[in-house]
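Dropping work.cif in here (mmCIF, N, CA, C and O atoms):
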```
data_run
loop_
_atom_site.label_atom_id
_atom_site.label_comp_id
_atom_site.auth_asym_id
_atom_site.auth_seq_id
_atom_site.Cartn_x
_atom_site.Cartn_y
_atom_site.Cartn_z
N MET S 1 0.82 -1.19 0.00
CA MET S 1 0.00 0.00 0.00
C MET S 1 0.87 1.26 0.00
O MET S 1 0.62 2.19 -0.73
N ARG S 2 1.91 1.26 0.85
CA ARG S 2 2.80 2.42 0.92
C ARG S 2 3.48 2.67 -0.42
O ARG S 2 3.64 3.80 -0.84
N GLU S 3 3.86 1.60 -1.08
CA GLU S 3 4.51 1.72 -2.38
C GLU S 3 3.58 2.38 -3.40
O GLU S 3 3.99 3.23 -4.18
N LEU S 4 2.30 2.02 -3.38
CA LEU S 4 1.32 2.65 -4.27
C LEU S 4 1.18 4.13 -3.97
O LEU S 4 1.11 4.95 -4.89
N MET S 5 1.17 4.49 -2.70
CA MET S 5 1.07 5.90 -2.33
C MET S 5 2.31 6.66 -2.81
O MET S 5 2.19 7.77 -3.32
N ASP S 6 3.48 6.06 -2.63
CA ASP S 6 4.72 6.71 -3.08
C ASP S 6 4.71 6.90 -4.60
O ASP S 6 5.12 7.95 -5.09
N GLU S 7 4.25 5.90 -5.32
CA GLU S 7 4.16 6.01 -6.78
C GLU S 7 3.19 7.11 -7.19
O GLU S 7 3.47 7.87 -8.11
N GLU S 8 2.08 7.20 -6.50
CA GLU S 8 1.08 8.23 -6.79
C GLU S 8 1.66 9.62 -6.51
O GLU S 8 1.47 10.55 -7.29
N ILE S 9 2.36 9.76 -5.41
CA ILE S 9 2.97 11.05 -5.07
C ILE S 9 3.98 11.44 -6.14
O ILE S 9 3.99 12.58 -6.60
N GLU S 10 4.80 10.52 -6.56
CA GLU S 10 5.80 10.81 -7.60
C GLU S 10 5.14 11.14 -8.93
O GLU S 10 5.58 12.04 -9.64
N ARG S 11 4.08 10.44 -9.27
CA ARG S 11 3.37 10.71 -10.53
C ARG S 11 2.77 12.13 -10.50
O ARG S 11 2.91 12.90 -11.45
N LEU S 12 2.14 12.47 -9.39
CA LEU S 12 1.55 13.80 -9.27
C LEU S 12 2.63 14.88 -9.20
O LEU S 12 2.44 15.98 -9.70
N ALA S 13 3.76 14.57 -8.60
CA ALA S 13 4.87 15.53 -8.56
C ALA S 13 5.38 15.82 -9.97
O ALA S 13 5.66 16.97 -10.32
N ARG S 14 5.50 14.78 -10.78
CA ARG S 14 5.92 14.99 -12.18
C ARG S 14 4.89 15.85 -12.92
O ARG S 14 5.26 16.74 -13.69
N LEU S 15 3.63 15.62 -12.67
CA LEU S 15 2.57 16.41 -13.28
C LEU S 15 2.68 17.87 -12.82
O LEU S 15 2.55 18.80 -13.64
N ALA S 16 2.95 18.09 -11.54
CA ALA S 16 3.10 19.44 -11.01
C ALA S 16 4.26 20.16 -11.70
O ALA S 16 4.14 21.33 -12.06
N VAL S 17 5.36 19.46 -11.91
CA VAL S 17 6.52 20.06 -12.59
C VAL S 17 6.15 20.41 -14.03
O VAL S 17 6.56 21.46 -14.54
N GLU S 18 5.38 19.56 -14.68
CA GLU S 18 4.93 19.86 -16.05
C GLU S 18 4.07 21.12 -16.07
O GLU S 18 4.24 21.98 -16.94
N TYR S 19 3.12 21.22 -15.13
CA TYR S 19 2.29 22.43 -15.05
C TYR S 19 3.17 23.66 -14.83
O TYR S 19 2.94 24.71 -15.43
N HIS S 20 4.15 23.55 -13.96
CA HIS S 20 5.05 24.67 -13.69
C HIS S 20 5.83 25.05 -14.95
O HIS S 20 6.04 26.23 -15.23
N GLY S 21 6.19 24.05 -15.72
CA GLY S 21 6.93 24.28 -16.97
C GLY S 21 6.15 25.04 -18.02
O GLY S 21 6.74 25.69 -18.88
N ILE S 22 4.82 24.98 -17.94
CA ILE S 22 4.02 25.73 -18.91
C ILE S 22 3.55 27.06 -18.35
O ILE S 22 2.72 27.74 -18.94
N GLY S 23 4.09 27.43 -17.17
CA GLY S 23 3.83 28.76 -16.64
C GLY S 23 2.84 28.88 -15.50
O GLY S 23 2.51 29.98 -15.09
N CYS S 24 2.37 27.77 -14.97
CA CYS S 24 1.45 27.84 -13.83
C CYS S 24 2.22 28.14 -12.55
O CYS S 24 3.32 27.62 -12.34
N SER S 25 1.62 28.96 -11.70
CA SER S 25 2.22 29.20 -10.38
C SER S 25 1.97 27.98 -9.50
O SER S 25 1.10 27.14 -9.80
N VAL S 26 2.69 27.91 -8.41
CA VAL S 26 2.51 26.78 -7.50
C VAL S 26 1.10 26.76 -6.92
O VAL S 26 0.49 25.69 -6.79
N ALA S 27 0.57 27.93 -6.60
CA ALA S 27 -0.80 27.98 -6.08
C ALA S 27 -1.79 27.48 -7.12
O ALA S 27 -2.72 26.74 -6.80
N GLU S 28 -1.60 27.87 -8.37
CA GLU S 28 -2.47 27.38 -9.45
C GLU S 28 -2.34 25.88 -9.60
O GLU S 28 -3.34 25.17 -9.82
N ILE S 29 -1.13 25.38 -9.45
CA ILE S 29 -0.89 23.93 -9.56
C ILE S 29 -1.62 23.20 -8.43
O ILE S 29 -2.28 22.18 -8.68
N ALA S 30 -1.52 23.71 -7.22
CA ALA S 30 -2.23 23.09 -6.09
C ALA S 30 -3.73 23.04 -6.37
O ALA S 30 -4.38 22.02 -6.14
N ASP S 31 -4.26 24.14 -6.88
CA ASP S 31 -5.68 24.21 -7.20
C ASP S 31 -6.04 23.20 -8.30
O ASP S 31 -7.05 22.50 -8.20
N LEU S 32 -5.22 23.12 -9.33
CA LEU S 32 -5.48 22.16 -10.41
C LEU S 32 -5.42 20.72 -9.92
O LEU S 32 -6.26 19.89 -10.29
N LEU S 33 -4.43 20.42 -9.09
CA LEU S 33 -4.31 19.05 -8.57
C LEU S 33 -5.53 18.67 -7.75
O LEU S 33 -6.04 17.55 -7.88
N ILE S 34 -6.00 19.57 -6.93
CA ILE S 34 -7.19 19.27 -6.12
C ILE S 34 -8.43 19.15 -6.99
O ILE S 34 -9.28 18.31 -6.75
N ASP S 35 -8.48 19.97 -8.03
CA ASP S 35 -9.62 19.89 -8.94
C ASP S 35 -9.65 18.54 -9.66
O ASP S 35 -10.70 17.93 -9.79
N LYS S 36 -8.50 18.09 -10.09
CA LYS S 36 -8.42 16.83 -10.85
C LYS S 36 -8.37 15.60 -9.94
O LYS S 36 -8.68 14.50 -10.38
N HIS S 37 -7.94 15.78 -8.69
CA HIS S 37 -7.81 14.67 -7.73
C HIS S 37 -8.42 15.11 -6.40
O HIS S 37 -7.70 15.44 -5.45
N PRO S 38 -9.76 15.13 -6.32
CA PRO S 38 -10.45 15.65 -5.13
C PRO S 38 -10.06 14.95 -3.83
O PRO S 38 -10.19 15.54 -2.76
N ASN S 39 -9.55 13.73 -3.91
CA ASN S 39 -9.14 13.04 -2.69
C ASN S 39 -7.99 13.77 -1.99
O ASN S 39 -7.79 13.61 -0.79
N LEU S 40 -7.26 14.63 -2.71
CA LEU S 40 -6.19 15.40 -2.09
C LEU S 40 -6.74 16.45 -1.13
O LEU S 40 -6.06 16.83 -0.18
N ARG S 41 -7.95 16.90 -1.34
CA ARG S 41 -8.57 17.86 -0.41
C ARG S 41 -8.79 17.20 0.95
O ARG S 41 -8.68 17.83 1.99
N LEU S 42 -9.08 15.91 0.91
CA LEU S 42 -9.31 15.17 2.16
C LEU S 42 -8.01 14.77 2.83
O LEU S 42 -8.01 14.36 3.99
N ALA S 43 -6.91 14.88 2.09
CA ALA S 43 -5.60 14.49 2.61
C ALA S 43 -4.57 15.57 2.28
O ALA S 43 -3.71 15.38 1.43
N PRO S 44 -4.67 16.73 2.95
CA PRO S 44 -3.76 17.83 2.62
C PRO S 44 -2.30 17.46 2.78
O PRO S 44 -1.44 18.01 2.09
N PHE S 45 -1.99 16.53 3.67
CA PHE S 45 -0.61 16.11 3.83
C PHE S 45 -0.07 15.46 2.56
O PHE S 45 1.08 15.66 2.18
N ARG S 46 -0.92 14.70 1.86
CA ARG S 46 -0.49 14.09 0.59
C ARG S 46 -0.21 15.15 -0.46
O ARG S 46 0.77 15.07 -1.20
N LEU S 47 -1.07 16.17 -0.53
CA LEU S 47 -0.82 17.27 -1.45
C LEU S 47 0.50 17.95 -1.10
O LEU S 47 1.30 18.26 -1.98
N ALA S 48 0.73 18.16 0.18
CA ALA S 48 1.98 18.76 0.62
C ALA S 48 3.17 17.89 0.22
O ALA S 48 4.21 18.40 -0.23
N GLN S 49 3.04 16.57 0.33
CA GLN S 49 4.11 15.67 -0.08
C GLN S 49 4.38 15.80 -1.57
O GLN S 49 5.53 15.77 -2.01
N VAL S 50 3.33 15.91 -2.36
CA VAL S 50 3.48 16.06 -3.81
C VAL S 50 4.26 17.34 -4.12
O VAL S 50 5.22 17.32 -4.88
N LEU S 51 3.86 18.44 -3.50
CA LEU S 51 4.51 19.72 -3.77
C LEU S 51 5.93 19.75 -3.24
O LEU S 51 6.82 20.33 -3.87
N ARG S 52 6.17 19.10 -2.12
CA ARG S 52 7.54 19.03 -1.60
C ARG S 52 8.42 18.22 -2.53
O ARG S 52 9.57 18.59 -2.81
N SER S 53 7.89 17.12 -3.02
CA SER S 53 8.65 16.29 -3.96
C SER S 53 8.94 17.04 -5.26
O SER S 53 10.03 16.95 -5.81
N ALA S 54 7.98 17.81 -5.73
CA ALA S 54 8.13 18.52 -7.00
C ALA S 54 9.03 19.75 -6.88
O ALA S 54 9.81 20.03 -7.78
N PHE S 55 8.90 20.48 -5.76
CA PHE S 55 9.55 21.80 -5.68
C PHE S 55 10.48 21.97 -4.48
O PHE S 55 11.03 23.06 -4.29
N GLY S 56 10.63 20.94 -3.67
CA GLY S 56 11.54 21.03 -2.53
C GLY S 56 11.11 22.03 -1.47
O GLY S 56 11.94 22.67 -0.84
N PHE S 57 9.81 22.16 -1.27
CA PHE S 57 9.29 23.11 -0.29
C PHE S 57 9.77 22.79 1.12
O PHE S 57 9.98 21.65 1.49
N SER S 58 9.86 23.85 1.91
CA SER S 58 10.16 23.70 3.33
C SER S 58 8.88 23.29 4.07
O SER S 58 7.78 23.41 3.52
N VAL S 59 9.04 22.90 5.30
CA VAL S 59 7.88 22.56 6.13
C VAL S 59 6.99 23.79 6.29
O VAL S 59 5.77 23.69 6.25
N HIS S 60 7.60 24.96 6.41
CA HIS S 60 6.84 26.20 6.56
C HIS S 60 5.96 26.44 5.33
O HIS S 60 4.79 26.81 5.45
N ASP S 61 6.53 26.24 4.13
CA ASP S 61 5.75 26.38 2.89
C ASP S 61 4.56 25.42 2.89
O ASP S 61 3.46 25.79 2.49
N LEU S 62 4.80 24.22 3.35
CA LEU S 62 3.75 23.21 3.34
C LEU S 62 2.64 23.54 4.33
O LEU S 62 1.48 23.17 4.10
N GLN S 63 2.97 24.25 5.38
CA GLN S 63 1.92 24.69 6.31
C GLN S 63 0.96 25.65 5.63
O GLN S 63 -0.24 25.61 5.88
N TYR S 64 1.47 26.49 4.74
CA TYR S 64 0.60 27.39 3.97
C TYR S 64 -0.32 26.59 3.05
O TYR S 64 -1.50 26.90 2.92
N VAL S 65 0.23 25.57 2.42
CA VAL S 65 -0.58 24.73 1.53
C VAL S 65 -1.71 24.07 2.33
O VAL S 65 -2.87 24.09 1.91
N THR S 66 -1.36 23.51 3.47
CA THR S 66 -2.37 22.87 4.31
C THR S 66 -3.42 23.87 4.78
O THR S 66 -4.62 23.56 4.76
N ALA S 67 -2.99 25.06 5.16
CA ALA S 67 -3.94 26.10 5.59
C ALA S 67 -4.91 26.44 4.46
O ALA S 67 -6.11 26.62 4.69
N TRP S 68 -4.40 26.50 3.24
CA TRP S 68 -5.28 26.79 2.10
C TRP S 68 -6.28 25.66 1.88
O TRP S 68 -7.48 25.90 1.72
N VAL S 69 -5.80 24.42 1.89
CA VAL S 69 -6.70 23.27 1.68
C VAL S 69 -7.80 23.25 2.73
O VAL S 69 -8.95 22.96 2.42
N GLN S 70 -7.46 23.63 3.95
CA GLN S 70 -8.44 23.59 5.04
C GLN S 70 -9.31 24.85 5.09
O GLN S 70 -10.14 25.00 5.98
N GLY S 71 -9.11 25.76 4.12
CA GLY S 71 -9.95 26.95 4.04
C GLY S 71 -9.55 28.07 4.97
O GLY S 71 -10.31 29.02 5.16
N GLU S 72 -8.37 27.99 5.55
CA GLU S 72 -7.92 29.01 6.50
C GLU S 72 -7.34 30.24 5.81
O GLU S 72 -7.31 31.32 6.40
N ILE S 73 -6.84 30.07 4.58
CA ILE S 73 -6.33 31.20 3.81
C ILE S 73 -6.85 31.06 2.38
O ILE S 73 -7.21 29.97 1.94
N SER S 74 -6.86 32.17 1.66
CA SER S 74 -7.36 32.16 0.27
C SER S 74 -6.24 31.70 -0.68
O SER S 74 -5.06 31.66 -0.31
N LEU S 75 -6.64 31.39 -1.90
CA LEU S 75 -5.67 31.02 -2.93
C LEU S 75 -4.70 32.17 -3.18
O LEU S 75 -3.50 31.96 -3.36
N GLU S 76 -5.21 33.39 -3.14
CA GLU S 76 -4.36 34.57 -3.35
C GLU S 76 -3.32 34.70 -2.25
O GLU S 76 -2.16 35.02 -2.50
N THR S 77 -3.74 34.45 -1.01
CA THR S 77 -2.80 34.51 0.11
C THR S 77 -1.75 33.41 -0.02
O THR S 77 -0.56 33.64 0.23
N LEU S 78 -2.18 32.23 -0.44
CA LEU S 78 -1.23 31.14 -0.66
C LEU S 78 -0.19 31.56 -1.69
O LEU S 78 1.01 31.38 -1.49
N GLU S 79 -0.65 32.14 -2.77
CA GLU S 79 0.24 32.60 -3.83
C GLU S 79 1.27 33.59 -3.27
O GLU S 79 2.47 33.46 -3.51
N GLU S 80 0.80 34.56 -2.51
CA GLU S 80 1.69 35.56 -1.92
C GLU S 80 2.71 34.93 -0.99
O GLU S 80 3.90 35.24 -1.05
N ARG S 81 2.26 34.05 -0.13
CA ARG S 81 3.15 33.41 0.86
C ARG S 81 4.23 32.57 0.17
O ARG S 81 5.39 32.61 0.58
N LEU S 82 3.83 31.83 -0.84
CA LEU S 82 4.82 30.98 -1.51
C LEU S 82 5.82 31.81 -2.31
O LEU S 82 6.98 31.43 -2.42
N GLN S 83 5.41 32.94 -2.86
CA GLN S 83 6.34 33.81 -3.58
C GLN S 83 7.34 34.42 -2.62
O GLN S 83 8.50 34.57 -2.95
N VAL S 84 6.90 34.77 -1.44
CA VAL S 84 7.78 35.38 -0.45
C VAL S 84 8.85 34.40 0.00
O VAL S 84 10.00 34.76 0.19
N THR S 85 8.48 33.13 0.14
CA THR S 85 9.42 32.15 0.67
C THR S 85 10.33 31.56 -0.40
O THR S 85 11.29 30.89 -0.09
N ARG S 86 10.07 31.79 -1.63
CA ARG S 86 10.89 31.22 -2.72
C ARG S 86 12.05 32.11 -3.02
O ARG S 86 12.14 33.23 -3.04
#
```

Starting from the file, give its structure as structure tokens.
Amino acid sequence: MRELMDEEIERLARLAVEYHGIGCSVAEIADLLIDKHPNLRLAPFRLAQVLRSAFGFSVHDLQYVTAWVQGEISLETLEERLQVTR
């Protein structure tokens, strides 16, 4: 089971890198991933793992992602926070 989860995280991380390559911001990528894979909304830690694998985010960056998934901050705020930390 763990191996399947790791494979899924890596697959989604590659997809995130592709989205970034065509000009999507990380916040837009997070939104797209949740739109296409709604189960990530129920598991914000998995989304954070995907983004960390794709972009090498710090734990602090991932806290912003989790806050956005849980509705604590807006997509715009997520965008601002991630730009500041990059």

(message) Residues within 10 Å of (-0.5, 17.7, 4.1), file coordinates, counting only C-alpha atoms: what are they? Give the list as a list in words.
(response)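 Those residues, ordered by chain and then number, are Leu40, Arg41, Leu42, Ala43, Pro44, Phe45, Arg46, Leu47, Ala48, Gln49, Val50, Leu51, Arg52, Val59, Leu62, Gln63, Tyr64, Val65, Thr66, Ala67, Val69 and Gln70 of chain S.
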
(request) Tell me which of S:Thr77, S:Ser58, S:Glu72, S:Ala16 sits closest to Ala30 (chain S), counting all atoms listed in the file. (result) S:Ala16

(message) For a test of reading the model, state the distance in Å between atom C of Glu80 (chain S) and atom C of Gly21 (chain S), rounded to one decimal.
(response)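 Taking atom C of Glu80 (chain S) as the start and atom C of Gly21 (chain S) as the end point, the length is 20.0 Å.
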
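Counting all atoms listed in the file and comparing S:Ser53, S:Asp61, S:Ile73, S:Arg81, the residue that lies closest to Ala13 (chain S) is S:Ser53.
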
(request) Would you list, as a PyMOL selection string, the residues of chain S that end up in helix (DSSP H, G or I) under DSSP run on this structure's backbone? (result) chain S and resi 2-21+26-36+39-42+44-55+59-69+75-85

(message) One decimal, in Å: what's the spacing between atom C of Asp6 (chain S) and atom O of Asn39 (chain S)?
(response)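 Atom O of Asn39 (chain S) lies 14.7 Å from atom C of Asp6 (chain S).
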
(request) Name the closest residue to Leu75 (chain S) among the candidates S:Ala54, S:Ile9, S:Ile34, S:Ala27; distances are taken between atoms, counting all atoms listed in the file. (result)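 Result for the nearest residue to Leu75 (chain S): S:Ala27.
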
(request) In Å, rounded to a single decimal, give me how far atom N of Glu79 (chain S) is from CA of Glu10 (chain S). (result)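 Separating CA of Glu10 (chain S) from atom N of Glu79 (chain S) is a distance of 22.8 Å.
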
Report the centre and edge lengths, in Å to one decimal, of an axis-aligned box enclosing every atom of region 75-80 of chain S listed in the file, padded by 8 Å on each side, as lines of an AutoDock Vina configuration file.
```
center_x = -1.4
center_y = 33.3
center_z = -1.8
size_x = 26.5
size_y = 20.5
size_z = 20.1
```

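Distances to Ser25 (chain S) were evaluated for S:Gly56, S:Gly71, S:Leu78, S:Glu8 using only C-alpha atoms, and the minimum falls at S:Leu78.
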
Starting from the sparse input, extend region 31-42 of chain S to all heavy atoms and give the output as a short mmCIF file (atom, residue, chain, number, x, y, z; two decimals), in the frame of the given file.
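Final file, part-v1.cif:
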```cif
data_model
loop_
_atom_site.label_atom_id
_atom_site.label_comp_id
_atom_site.auth_asym_id
_atom_site.auth_seq_id
_atom_site.Cartn_x
_atom_site.Cartn_y
_atom_site.Cartn_z
N ASP S 31 -4.26 24.14 -6.88
CA ASP S 31 -5.68 24.21 -7.20
C ASP S 31 -6.04 23.20 -8.30
O ASP S 31 -7.05 22.50 -8.20
CB ASP S 31 -6.03 25.63 -7.61
CG ASP S 31 -7.52 25.91 -7.61
OD1 ASP S 31 -8.23 25.39 -6.72
OD2 ASP S 31 -7.98 26.67 -8.49
N LEU S 32 -5.22 23.12 -9.33
CA LEU S 32 -5.48 22.16 -10.41
C LEU S 32 -5.42 20.72 -9.92
O LEU S 32 -6.26 19.89 -10.29
CB LEU S 32 -4.45 22.34 -11.54
CG LEU S 32 -4.63 23.55 -12.44
CD1 LEU S 32 -3.37 23.79 -13.27
CD2 LEU S 32 -5.84 23.37 -13.34
N LEU S 33 -4.43 20.42 -9.09
CA LEU S 33 -4.31 19.05 -8.57
C LEU S 33 -5.53 18.67 -7.75
O LEU S 33 -6.04 17.55 -7.88
CB LEU S 33 -3.03 18.91 -7.74
CG LEU S 33 -1.73 18.90 -8.53
CD1 LEU S 33 -0.53 18.91 -7.58
CD2 LEU S 33 -1.65 17.72 -9.48
N ILE S 34 -6.00 19.57 -6.93
CA ILE S 34 -7.19 19.27 -6.12
C ILE S 34 -8.43 19.15 -6.99
O ILE S 34 -9.28 18.31 -6.75
CB ILE S 34 -7.36 20.31 -5.00
CG1 ILE S 34 -6.36 19.99 -3.90
CG2 ILE S 34 -8.78 20.31 -4.46
CD1 ILE S 34 -6.49 20.80 -2.66
N ASP S 35 -8.48 19.97 -8.03
CA ASP S 35 -9.62 19.89 -8.94
C ASP S 35 -9.65 18.54 -9.66
O ASP S 35 -10.70 17.93 -9.79
CB ASP S 35 -9.56 21.04 -9.94
CG ASP S 35 -10.79 21.13 -10.82
OD1 ASP S 35 -11.91 21.11 -10.26
OD2 ASP S 35 -10.63 21.20 -12.06
N LYS S 36 -8.50 18.09 -10.09
CA LYS S 36 -8.42 16.83 -10.85
C LYS S 36 -8.37 15.60 -9.94
O LYS S 36 -8.68 14.50 -10.38
CB LYS S 36 -7.21 16.85 -11.77
CG LYS S 36 -7.34 17.88 -12.88
CD LYS S 36 -6.18 17.76 -13.85
CE LYS S 36 -6.27 18.75 -14.97
NZ LYS S 36 -7.38 18.57 -15.86
N HIS S 37 -7.94 15.78 -8.69
CA HIS S 37 -7.81 14.67 -7.73
C HIS S 37 -8.42 15.11 -6.40
O HIS S 37 -7.70 15.44 -5.45
CB HIS S 37 -6.33 14.30 -7.55
CG HIS S 37 -5.64 13.97 -8.83
ND1 HIS S 37 -5.72 12.73 -9.41
CD2 HIS S 37 -4.90 14.74 -9.66
CE1 HIS S 37 -5.05 12.75 -10.54
NE2 HIS S 37 -4.53 13.95 -10.73
N PRO S 38 -9.76 15.13 -6.32
CA PRO S 38 -10.45 15.65 -5.13
C PRO S 38 -10.06 14.95 -3.83
O PRO S 38 -10.19 15.54 -2.76
CB PRO S 38 -11.93 15.43 -5.44
CG PRO S 38 -12.02 15.19 -6.91
CD PRO S 38 -10.68 14.68 -7.35
N ASN S 39 -9.55 13.73 -3.91
CA ASN S 39 -9.14 13.04 -2.69
C ASN S 39 -7.99 13.77 -1.99
O ASN S 39 -7.79 13.61 -0.79
CB ASN S 39 -8.74 11.59 -2.98
CG ASN S 39 -7.61 11.49 -3.98
OD1 ASN S 39 -7.43 12.35 -4.86
ND2 ASN S 39 -6.83 10.43 -3.89
N LEU S 40 -7.26 14.63 -2.71
CA LEU S 40 -6.19 15.40 -2.09
C LEU S 40 -6.74 16.45 -1.13
O LEU S 40 -6.06 16.83 -0.18
CB LEU S 40 -5.32 16.08 -3.16
CG LEU S 40 -4.46 15.14 -4.00
CD1 LEU S 40 -3.76 15.93 -5.10
CD2 LEU S 40 -3.46 14.39 -3.14
N ARG S 41 -7.95 16.90 -1.34
CA ARG S 41 -8.57 17.86 -0.41
C ARG S 41 -8.79 17.20 0.95
O ARG S 41 -8.68 17.83 1.99
CB ARG S 41 -9.89 18.40 -0.95
CG ARG S 41 -10.51 19.45 -0.03
CD ARG S 41 -11.68 20.16 -0.62
NE ARG S 41 -11.38 20.91 -1.82
CZ ARG S 41 -10.76 22.10 -1.86
NH1 ARG S 41 -10.35 22.64 -0.74
NH2 ARG S 41 -10.55 22.71 -2.99
N LEU S 42 -9.08 15.91 0.91
CA LEU S 42 -9.31 15.17 2.16
C LEU S 42 -8.01 14.77 2.83
O LEU S 42 -8.01 14.36 3.99
CB LEU S 42 -10.15 13.92 1.87
CG LEU S 42 -11.51 14.18 1.21
CD1 LEU S 42 -12.17 12.86 0.84
CD2 LEU S 42 -12.39 15.02 2.11
#
```
